[in-house]
Structure formats: structure tokens, C-alpha cells
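Structure data follow from my_file.csv (CSV, N, CA and C atoms):
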```
chain,number,residue,atom,x,y,z
A,190,MET,N,-9.1,38.6,17.7
A,190,MET,CA,-8.5,38.3,16.4
A,190,MET,C,-9.0,39.4,15.4
A,191,GLY,N,-8.1,39.9,14.6
A,191,GLY,CA,-8.4,40.9,13.7
A,191,GLY,C,-9.2,40.4,12.4
A,192,GLN,N,-9.8,41.4,11.8
A,192,GLN,CA,-10.5,41.1,10.5
A,192,GLN,C,-9.6,40.4,9.5
A,193,GLN,N,-8.4,40.9,9.4
A,193,GLN,CA,-7.5,40.3,8.4
A,193,GLN,C,-7.2,38.9,8.6
A,194,GLN,N,-7.0,38.5,9.9
A,194,GLN,CA,-6.7,37.1,10.3
A,194,GLN,C,-7.9,36.2,10.0
A,195,LEU,N,-9.1,36.7,10.3
A,195,LEU,CA,-10.3,35.9,10.0
A,195,LEU,C,-10.4,35.7,8.5
A,196,LEU,N,-10.2,36.7,7.7
A,196,LEU,CA,-10.3,36.6,6.3
A,196,LEU,C,-9.3,35.6,5.7
A,197,LEU,N,-8.1,35.6,6.3
A,197,LEU,CA,-7.0,34.7,5.8
A,197,LEU,C,-7.4,33.2,6.2
A,198,ILE,N,-8.0,33.0,7.3
A,198,ILE,CA,-8.4,31.7,7.8
A,198,ILE,C,-9.6,31.2,6.8
A,199,VAL,N,-10.6,32.0,6.6
A,199,VAL,CA,-11.7,31.6,5.7
A,199,VAL,C,-11.1,31.3,4.3
A,200,LEU,N,-10.3,32.2,3.8
A,200,LEU,CA,-9.7,32.0,2.5
A,200,LEU,C,-8.9,30.7,2.4
A,201,GLY,N,-8.1,30.4,3.5
A,201,GLY,CA,-7.4,29.1,3.5
A,201,GLY,C,-8.3,27.9,3.5
A,202,VAL,N,-9.4,27.9,4.3
A,202,VAL,CA,-10.4,26.8,4.3
A,202,VAL,C,-11.0,26.6,2.9
A,203,ILE,N,-11.3,27.7,2.2
A,203,ILE,CA,-11.9,27.6,0.9
A,203,ILE,C,-10.9,27.0,-0.1
A,204,VAL,N,-9.7,27.4,0.0
A,204,VAL,CA,-8.6,26.9,-0.9
A,204,VAL,C,-8.4,25.4,-0.7
A,205,VAL,N,-8.3,25.0,0.6
A,205,VAL,CA,-8.1,23.6,0.9
A,205,VAL,C,-9.4,22.8,0.5
A,206,GLY,N,-10.6,23.3,0.7
A,206,GLY,CA,-11.8,22.6,0.2
A,206,GLY,C,-11.8,22.4,-1.3
A,207,ILE,N,-11.4,23.4,-2.0
A,207,ILE,CA,-11.4,23.3,-3.5
A,207,ILE,C,-10.3,22.2,-3.9
A,208,ALA,N,-9.2,22.2,-3.3
A,208,ALA,CA,-8.1,21.3,-3.6
A,208,ALA,C,-8.6,19.8,-3.3
A,209,VAL,N,-9.3,19.6,-2.2
A,209,VAL,CA,-9.8,18.3,-1.9
A,209,VAL,C,-10.8,17.8,-3.0
A,210,VAL,N,-11.7,18.7,-3.4
A,210,VAL,CA,-12.7,18.3,-4.4
A,210,VAL,C,-12.0,18.0,-5.7
A,211,VAL,N,-11.1,18.8,-6.1
A,211,VAL,CA,-10.3,18.6,-7.4
A,211,VAL,C,-9.6,17.2,-7.3
A,212,GLY,N,-9.0,17.0,-6.2
A,212,GLY,CA,-8.2,15.7,-6.0
A,212,GLY,C,-9.2,14.5,-6.1
A,213,ILE,N,-10.3,14.6,-5.5
A,213,ILE,CA,-11.3,13.5,-5.6
A,213,ILE,C,-11.7,13.2,-7.0
A,214,ASN,N,-12.0,14.3,-7.7
A,214,ASN,CA,-12.4,14.2,-9.1
A,214,ASN,C,-11.3,13.6,-10.0
A,215,LEU,N,-10.1,14.0,-9.8
A,215,LEU,CA,-9.0,13.4,-10.5
A,215,LEU,C,-8.8,11.9,-10.2
A,216,PHE,N,-9.0,11.6,-9.0
A,216,PHE,CA,-8.8,10.2,-8.6
A,216,PHE,C,-9.9,9.3,-9.3
A,217,ASN,N,-11.2,9.8,-9.3
A,217,ASN,CA,-12.3,9.1,-9.9
A,217,ASN,C,-12.0,8.9,-11.4
A,218,ALA,N,-11.6,10.0,-12.1
A,218,ALA,CA,-11.4,10.0,-13.5
A,218,ALA,C,-10.2,9.0,-13.8
A,219,ASN,N,-9.2,8.9,-13.0
A,219,ASN,CA,-8.1,8.0,-13.2
A,219,ASN,C,-8.6,6.6,-13.0
A,220,ALA,N,-9.4,6.3,-12.1
A,220,ALA,CA,-10.0,5.0,-11.8
A,220,ALA,C,-10.8,4.5,-13.0
A,221,VAL,N,-11.6,5.4,-13.6
A,221,VAL,CA,-12.4,5.0,-14.8
A,221,VAL,C,-11.5,4.7,-15.9
A,222,SER,N,-10.5,5.6,-16.2
A,222,SER,CA,-9.6,5.4,-17.3
A,222,SER,C,-8.8,4.1,-17.1
A,223,ALA,N,-8.3,3.8,-15.9
A,223,ALA,CA,-7.5,2.6,-15.7
A,223,ALA,C,-8.4,1.3,-15.9
A,224,ASN,N,-9.7,1.4,-15.5
A,224,ASN,CA,-10.6,0.3,-15.7
A,224,ASN,C,-10.9,0.1,-17.2
A,225,ARG,N,-11.1,1.2,-17.9
A,225,ARG,CA,-11.2,1.0,-19.4
A,225,ARG,C,-10.0,0.3,-20.0
A,226,ASP,N,-8.8,0.8,-19.7
A,226,ASP,CA,-7.6,0.2,-20.2
A,226,ASP,C,-7.5,-1.3,-19.8
A,227,GLY,N,-7.9,-1.6,-18.6
A,227,GLY,CA,-7.9,-3.0,-18.2
A,227,GLY,C,-8.8,-3.9,-18.9
A,228,VAL,N,-10.0,-3.4,-19.2
A,228,VAL,CA,-11.0,-4.2,-19.9
A,228,VAL,C,-10.6,-4.4,-21.3
A,229,VAL,N,-10.0,-3.3,-22.0
A,229,VAL,CA,-9.5,-3.5,-23.3
A,229,VAL,C,-8.4,-4.5,-23.4
A,230,SER,N,-7.5,-4.4,-22.4
A,230,SER,CA,-6.4,-5.3,-22.4
A,230,SER,C,-6.9,-6.8,-22.2
A,231,ASP,N,-7.8,-7.0,-21.3
A,231,ASP,CA,-8.4,-8.3,-21.2
A,231,ASP,C,-9.1,-8.8,-22.4
A,232,LEU,N,-9.8,-7.9,-23.1
A,232,LEU,CA,-10.5,-8.3,-24.4
A,232,LEU,C,-9.5,-8.7,-25.4
A,233,ASN,N,-8.4,-7.9,-25.5
A,233,ASN,CA,-7.3,-8.3,-26.5
A,233,ASN,C,-6.7,-9.6,-26.2
A,234,ASN,N,-6.5,-9.9,-24.9
A,234,ASN,CA,-5.9,-11.2,-24.5
A,234,ASN,C,-6.8,-12.3,-24.8
A,235,LEU,N,-8.1,-12.2,-24.5
A,235,LEU,CA,-9.1,-13.2,-24.8
A,235,LEU,C,-9.2,-13.4,-26.3
A,236,GLY,N,-9.2,-12.3,-27.1
A,236,GLY,CA,-9.2,-12.4,-28.5
A,236,GLY,C,-8.0,-13.2,-29.1
A,237,ALA,N,-6.8,-12.9,-28.5
A,237,ALA,CA,-5.7,-13.7,-29.0
A,237,ALA,C,-5.8,-15.1,-28.6
A,238,MET,N,-6.4,-15.5,-27.5
A,238,MET,CA,-6.6,-16.9,-27.2
A,238,MET,C,-7.6,-17.5,-28.2
A,239,ALA,N,-8.6,-16.8,-28.6
A,239,ALA,CA,-9.6,-17.3,-29.6
A,239,ALA,C,-8.9,-17.5,-30.9
A,240,GLN,N,-8.0,-16.6,-31.3
A,240,GLN,CA,-7.3,-16.7,-32.6
A,240,GLN,C,-6.4,-17.9,-32.5
A,241,GLN,N,-5.8,-18.1,-31.4
A,241,GLN,CA,-4.9,-19.3,-31.2
A,241,GLN,C,-5.7,-20.6,-31.4
A,242,PHE,N,-6.9,-20.6,-30.8
A,242,PHE,CA,-7.7,-21.8,-31.0
A,242,PHE,C,-8.1,-22.0,-32.4
A,243,TYR,N,-8.4,-20.9,-33.1
A,243,TYR,CA,-8.8,-20.9,-34.5
A,243,TYR,C,-7.8,-21.5,-35.4
A,244,LYS,N,-6.5,-21.1,-35.2
A,244,LYS,CA,-5.4,-21.6,-36.0
A,244,LYS,C,-4.9,-22.9,-35.7
A,245,LYS,N,-5.2,-23.5,-34.5
A,245,LYS,CA,-4.7,-24.8,-34.1
A,245,LYS,C,-5.5,-25.9,-34.8
A,246,PRO,N,-4.8,-26.9,-35.2
A,246,PRO,CA,-5.6,-28.0,-35.8
A,246,PRO,C,-6.5,-28.7,-34.8
A,247,VAL,N,-7.6,-29.3,-35.3
A,247,VAL,CA,-8.5,-30.0,-34.5
A,247,VAL,C,-7.8,-31.2,-33.7
A,248,SER,N,-6.9,-31.8,-34.4
A,248,SER,CA,-6.2,-32.9,-33.8
A,248,SER,C,-5.3,-32.5,-32.6
A,249,MET,N,-5.0,-31.2,-32.5
A,249,MET,CA,-4.3,-30.7,-31.3
A,249,MET,C,-5.2,-29.9,-30.3
A,250,GLY,N,-6.5,-30.1,-30.5
A,250,GLY,CA,-7.4,-29.4,-29.6
A,250,GLY,C,-7.8,-28.1,-30.0
A,251,GLY,N,-7.6,-27.7,-31.2
A,251,GLY,CA,-8.0,-26.4,-31.7
A,251,GLY,C,-9.3,-26.5,-32.6
A,252,GLY,N,-9.5,-25.4,-33.3
A,252,GLY,CA,-10.7,-25.3,-34.1
A,252,GLY,C,-10.5,-25.7,-35.6
A,253,GLY,N,-9.3,-25.8,-36.1
A,253,GLY,CA,-9.0,-26.1,-37.5
A,253,GLY,C,-9.6,-25.1,-38.4
A,254,ASN,N,-9.2,-23.8,-38.2
A,254,ASN,CA,-9.6,-22.7,-39.0
A,254,ASN,C,-11.1,-22.4,-38.9
A,255,THR,N,-11.6,-22.6,-37.7
A,255,THR,CA,-13.0,-22.2,-37.4
A,255,THR,C,-13.1,-22.0,-35.9
A,256,PHE,N,-13.9,-21.1,-35.4
A,256,PHE,CA,-14.0,-20.9,-34.0
A,256,PHE,C,-15.0,-21.9,-33.4
A,257,THR,N,-15.8,-22.6,-34.2
A,257,THR,CA,-16.7,-23.5,-33.8
A,257,THR,C,-16.3,-25.0,-34.0
A,258,GLY,N,-15.1,-25.1,-34.5
A,258,GLY,CA,-14.6,-26.5,-34.8
A,258,GLY,C,-14.1,-27.2,-33.5
A,259,GLY,N,-14.0,-28.5,-33.6
A,259,GLY,CA,-13.6,-29.3,-32.4
A,259,GLY,C,-14.7,-29.1,-31.4
A,260,ASP,N,-14.4,-28.8,-30.2
A,260,ASP,CA,-15.4,-28.5,-29.2
A,260,ASP,C,-15.9,-27.1,-29.2
A,261,GLY,N,-15.3,-26.3,-30.1
A,261,GLY,CA,-15.7,-24.8,-30.1
A,261,GLY,C,-15.0,-24.1,-29.0
A,262,TRP,N,-14.6,-22.8,-29.4
A,262,TRP,CA,-13.9,-22.0,-28.4
A,262,TRP,C,-14.9,-21.4,-27.4
A,263,GLU,N,-14.4,-21.5,-26.1
A,263,GLU,CA,-15.2,-20.9,-25.0
A,263,GLU,C,-14.3,-20.1,-24.1
A,264,LEU,N,-14.9,-19.1,-23.4
A,264,LEU,CA,-14.1,-18.3,-22.5
A,264,LEU,C,-13.5,-19.3,-21.4
A,265,PRO,N,-12.2,-19.1,-21.1
A,265,PRO,CA,-11.7,-19.9,-20.0
A,265,PRO,C,-12.4,-19.5,-18.7
A,266,LEU,N,-12.8,-20.4,-17.9
A,266,LEU,CA,-13.5,-20.2,-16.6
A,266,LEU,C,-12.8,-19.2,-15.7
A,267,GLU,N,-11.5,-19.3,-15.6
A,267,GLU,CA,-10.7,-18.5,-14.7
A,267,GLU,C,-10.6,-17.1,-15.2
A,268,LEU,N,-10.9,-16.8,-16.5
A,268,LEU,CA,-10.8,-15.5,-17.1
A,268,LEU,C,-12.2,-14.8,-17.4
A,269,ASP,N,-13.3,-15.5,-17.1
A,269,ASP,CA,-14.6,-14.8,-17.4
A,269,ASP,C,-14.9,-13.7,-16.4
A,270,THR,N,-14.2,-13.7,-15.3
A,270,THR,CA,-14.3,-12.6,-14.3
A,270,THR,C,-12.9,-12.3,-13.8
A,271,THR,N,-12.5,-11.1,-13.9
A,271,THR,CA,-11.2,-10.6,-13.5
A,271,THR,C,-11.4,-9.4,-12.6
A,272,ALA,N,-10.3,-8.8,-12.1
A,272,ALA,CA,-10.4,-7.6,-11.3
A,272,ALA,C,-10.9,-6.4,-12.1
A,273,ASN,N,-10.7,-6.5,-13.5
A,273,ASN,CA,-11.2,-5.5,-14.4
A,273,ASN,C,-12.6,-5.5,-14.7
A,274,GLY,N,-13.2,-6.7,-14.8
A,274,GLY,CA,-14.6,-6.8,-15.1
A,274,GLY,C,-15.1,-8.2,-15.4
A,275,ILE,N,-16.3,-8.3,-16.0
A,275,ILE,CA,-16.9,-9.6,-16.3
A,275,ILE,C,-17.0,-9.7,-17.9
A,276,TYR,N,-16.7,-10.9,-18.4
A,276,TYR,CA,-16.6,-11.1,-19.9
A,276,TYR,C,-17.6,-12.2,-20.3
A,277,VAL,N,-18.3,-11.9,-21.4
A,277,VAL,CA,-19.3,-12.8,-21.8
A,277,VAL,C,-19.1,-13.1,-23.3
A,278,LEU,N,-19.1,-14.3,-23.7
A,278,LEU,CA,-19.0,-14.7,-25.1
A,278,LEU,C,-20.4,-14.7,-25.7
A,279,THR,N,-20.6,-13.9,-26.8
A,279,THR,CA,-21.9,-13.8,-27.4
A,279,THR,C,-21.8,-14.3,-28.9
A,280,THR,N,-22.7,-15.1,-29.3
A,280,THR,CA,-22.8,-15.5,-30.7
A,280,THR,C,-21.5,-15.9,-31.3
A,281,PRO,N,-20.9,-17.1,-30.9
A,281,PRO,CA,-19.8,-17.6,-31.6
A,281,PRO,C,-20.2,-18.1,-33.0
A,282,ALA,N,-19.5,-17.7,-34.0
A,282,ALA,CA,-19.8,-18.2,-35.4
A,282,ALA,C,-18.5,-18.8,-35.9
A,283,ALA,N,-18.6,-19.4,-37.1
A,283,ALA,CA,-17.4,-20.1,-37.6
A,283,ALA,C,-16.2,-19.2,-37.8
A,284,GLN,N,-16.5,-18.0,-38.3
A,284,GLN,CA,-15.4,-17.1,-38.6
A,284,GLN,C,-15.3,-15.8,-37.8
A,285,GLN,N,-16.1,-15.8,-36.7
A,285,GLN,CA,-16.1,-14.6,-35.9
A,285,GLN,C,-16.6,-14.9,-34.5
A,286,VAL,N,-16.0,-14.3,-33.5
A,286,VAL,CA,-16.5,-14.4,-32.1
A,286,VAL,C,-16.6,-13.0,-31.5
A,287,VAL,N,-17.7,-12.8,-30.8
A,287,VAL,CA,-17.9,-11.5,-30.1
A,287,VAL,C,-17.8,-11.7,-28.6
A,288,ILE,N,-17.0,-10.8,-28.0
A,288,ILE,CA,-16.8,-10.9,-26.5
A,288,ILE,C,-17.2,-9.5,-26.0
A,289,THR,N,-18.1,-9.5,-25.0
A,289,THR,CA,-18.5,-8.3,-24.3
A,289,THR,C,-17.9,-8.2,-22.9
A,290,GLY,N,-17.2,-7.1,-22.6
A,290,GLY,CA,-16.6,-6.9,-21.3
A,290,GLY,C,-17.3,-5.8,-20.6
A,291,THR,N,-17.7,-6.0,-19.4
A,291,THR,CA,-18.3,-5.0,-18.5
A,291,THR,C,-17.4,-4.7,-17.4
A,292,GLY,N,-16.9,-3.5,-17.3
A,292,GLY,CA,-16.0,-3.1,-16.2
A,292,GLY,C,-16.6,-3.0,-14.9
A,293,THR,N,-15.7,-2.7,-13.9
A,293,THR,CA,-16.2,-2.6,-12.5
A,293,THR,C,-16.5,-1.2,-12.1
A,294,GLU,N,-16.0,-0.2,-12.9
A,294,GLU,CA,-16.2,1.2,-12.6
A,294,GLU,C,-17.4,1.8,-13.4
A,295,ASN,N,-18.0,2.8,-12.9
A,295,ASN,CA,-19.1,3.5,-13.6
A,295,ASN,C,-18.5,4.6,-14.5
A,296,ALA,N,-19.0,4.7,-15.7
A,296,ALA,CA,-18.6,5.8,-16.6
A,296,ALA,C,-19.2,7.1,-16.1
A,297,SER,N,-19.0,8.1,-16.8
A,297,SER,CA,-19.4,9.5,-16.4
A,297,SER,C,-20.9,9.6,-16.4
A,298,ASN,N,-21.6,8.7,-17.2
A,298,ASN,CA,-23.1,8.8,-17.2
A,298,ASN,C,-23.7,7.9,-16.2
A,299,GLY,N,-22.9,7.3,-15.3
A,299,GLY,CA,-23.4,6.5,-14.2
A,299,GLY,C,-23.6,5.0,-14.5
A,300,SER,N,-23.5,4.6,-15.7
A,300,SER,CA,-23.6,3.1,-16.0
A,300,SER,C,-22.2,2.5,-16.1
A,301,LYS,N,-22.2,1.2,-16.1
A,301,LYS,CA,-20.9,0.5,-16.1
A,301,LYS,C,-20.2,0.7,-17.4
A,302,ILE,N,-18.9,0.6,-17.4
A,302,ILE,CA,-18.0,0.6,-18.6
A,302,ILE,C,-18.3,-0.7,-19.4
A,303,VAL,N,-18.6,-0.5,-20.7
A,303,VAL,CA,-18.8,-1.7,-21.5
A,303,VAL,C,-18.0,-1.6,-22.8
A,304,HIS,N,-17.2,-2.6,-23.2
A,304,HIS,CA,-16.5,-2.7,-24.4
A,304,HIS,C,-16.8,-4.0,-25.1
A,305,THR,N,-16.8,-4.0,-26.4
A,305,THR,CA,-17.1,-5.2,-27.2
A,305,THR,C,-15.9,-5.5,-28.1
A,306,ALA,N,-15.5,-6.7,-28.1
A,306,ALA,CA,-14.4,-7.1,-29.0
A,306,ALA,C,-15.0,-8.1,-30.1
A,307,THR,N,-14.7,-7.8,-31.3
A,307,THR,CA,-15.1,-8.7,-32.4
A,307,THR,C,-13.8,-9.3,-32.9
A,308,VAL,N,-13.7,-10.6,-32.8
A,308,VAL,CA,-12.5,-11.4,-33.1
A,308,VAL,C,-12.7,-12.1,-34.4
A,309,GLY,N,-11.8,-11.9,-35.3
A,309,GLY,CA,-11.8,-12.6,-36.6
A,309,GLY,C,-10.6,-13.4,-36.7
A,310,PRO,N,-10.4,-14.2,-37.8
A,310,PRO,CA,-9.2,-15.0,-37.9
A,310,PRO,C,-7.9,-14.2,-37.9
A,311,THR,N,-7.9,-12.9,-38.3
A,311,THR,CA,-6.6,-12.1,-38.4
A,311,THR,C,-6.7,-10.8,-37.7
A,312,ALA,N,-7.9,-10.5,-37.1
A,312,ALA,CA,-8.0,-9.1,-36.5
A,312,ALA,C,-8.9,-9.2,-35.2
A,313,ILE,N,-8.5,-8.3,-34.3
A,313,ILE,CA,-9.3,-8.1,-33.1
A,313,ILE,C,-9.7,-6.6,-33.1
A,314,THR,N,-11.0,-6.3,-33.1
A,314,THR,CA,-11.5,-5.0,-33.1
A,314,THR,C,-12.3,-4.7,-31.8
A,315,VAL,N,-11.8,-3.8,-31.0
A,315,VAL,CA,-12.4,-3.5,-29.7
A,315,VAL,C,-13.1,-2.1,-29.8
A,316,VAL,N,-14.4,-2.1,-29.5
A,316,VAL,CA,-15.2,-0.9,-29.6
A,316,VAL,C,-15.8,-0.5,-28.3
A,317,LYS,N,-15.7,0.7,-27.9
A,317,LYS,CA,-16.3,1.3,-26.7
A,317,LYS,C,-17.8,1.3,-26.9
A,318,THR,N,-18.6,0.6,-26.1
A,318,THR,CA,-20.0,0.6,-26.1
A,318,THR,C,-20.5,1.7,-25.1
A,319,ASN,N,-19.9,1.8,-24.0
A,319,ASN,CA,-20.3,2.8,-23.0
A,319,ASN,C,-19.1,3.2,-22.2
```

For this file, produce the structure as C-alpha cells.
Amino acid sequence: MGQQQLLLIVLGVIVVGIAVVVGINLFNANAVSANRDGVVSDLNNLGAMAQQFYKKPVSMGGGGNTFTGGDGWELPLELDTTANGIYVLTTPAAQQVVITGTGTENASNGSKIVHTATVGPTAITVVKTN
């Protein structure tokens, strides 16, 4: 085999190796991004449920313009863990509920994806914690 053929084979192996590494990195970045989007979507959904409870009268099983009214709003058991992550209700107050969502994927720094939703009577604010 000639020198030129060996050089082309080595060059081909290097190009294929680089393409595989780039593909793996793109796949991982897409997985993290999709998980972030899923956690934010779940938090918005849970926030909307909390607001629905807030606005519903106590006589109909709601909170009567408070998150702690009636029996108080709690995370639905079937939604506290989803394919996107785990959700925890922290410090429910009369006019505000805070929900923390921990994703299933690791962020670029190696720790799990974490977002926090602060739910008020008329607004849901989701903040990236990690």
C-alpha cells in the first residue's frame, strides 16, 4: 500500500472520529435542553392547577381566594414525579406557593437541572436555579 493511501485512511478515521464526538455532544446538549423545557412545562401546568384551586370557592373544593383555604392545595400524587423530573411543594402560603422541580438530566456543571416556580393568584414565575 502506498503512502498516499495510508494517509487517506488515517485522515478518514480522524474525520469519522471527530464527527462521532460532535454528534454525541449535540445529542447530550439536546437532551438537557429538552429536559429543561419539560420541567418548565410541568411547573407551569402545576402552577395553573394551583391557581385553579385558589380561584375555586371552598364549597366546590377550592381554596376560596387562598392557597391554604379548604384543605389547602397539594401536589397531585400522580404528578409529583414525571418523566421530566421530581416536583416538591415548598412553603405554601395564603397568597403564594413555591414549587421546585428537579430534572432527570445533568446540567453542564454536573448537577441536576433545577427550576423553581413561584405561583401567585395571577402570575406564575419560573426561575432557573441550576

To one decimal place in Å, what is the distance between atom CA of Phe256 of chain A and atom C of Lys301 of chain A? 27.9 Å

Please work out which residues fall within 8 Å of (-16.2, 1.3, -11.8), coordinates as given in the file, with all atoms listed in the file counting, and return them as a ChimeraX atom specification. /A:220-221,224-225,292-296,300-302

Closest of A:Glu267, A:Ala306, A:Asn234, A:Asp260 to Val286 of chain A, counting only N, CA and C atoms, is A:Ala306

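Distances here use only C-alpha atoms; by that measure, the residue among A:Ser297, A:Thr318, A:Thr270, A:Ala237 closest to Ala218 of chain A is A:Ser297.
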
Apply DSSP to the backbone of this structure and, from chain A, keep only the residues in alpha helix (DSSP H); write these as a PyMOL selection string. chain A and resi 192-244

Enter the distance from atom C of Thr289 of chain A to atom N of Ile275 of chain A, in Å, rounded to one decimal. 7.1 Å
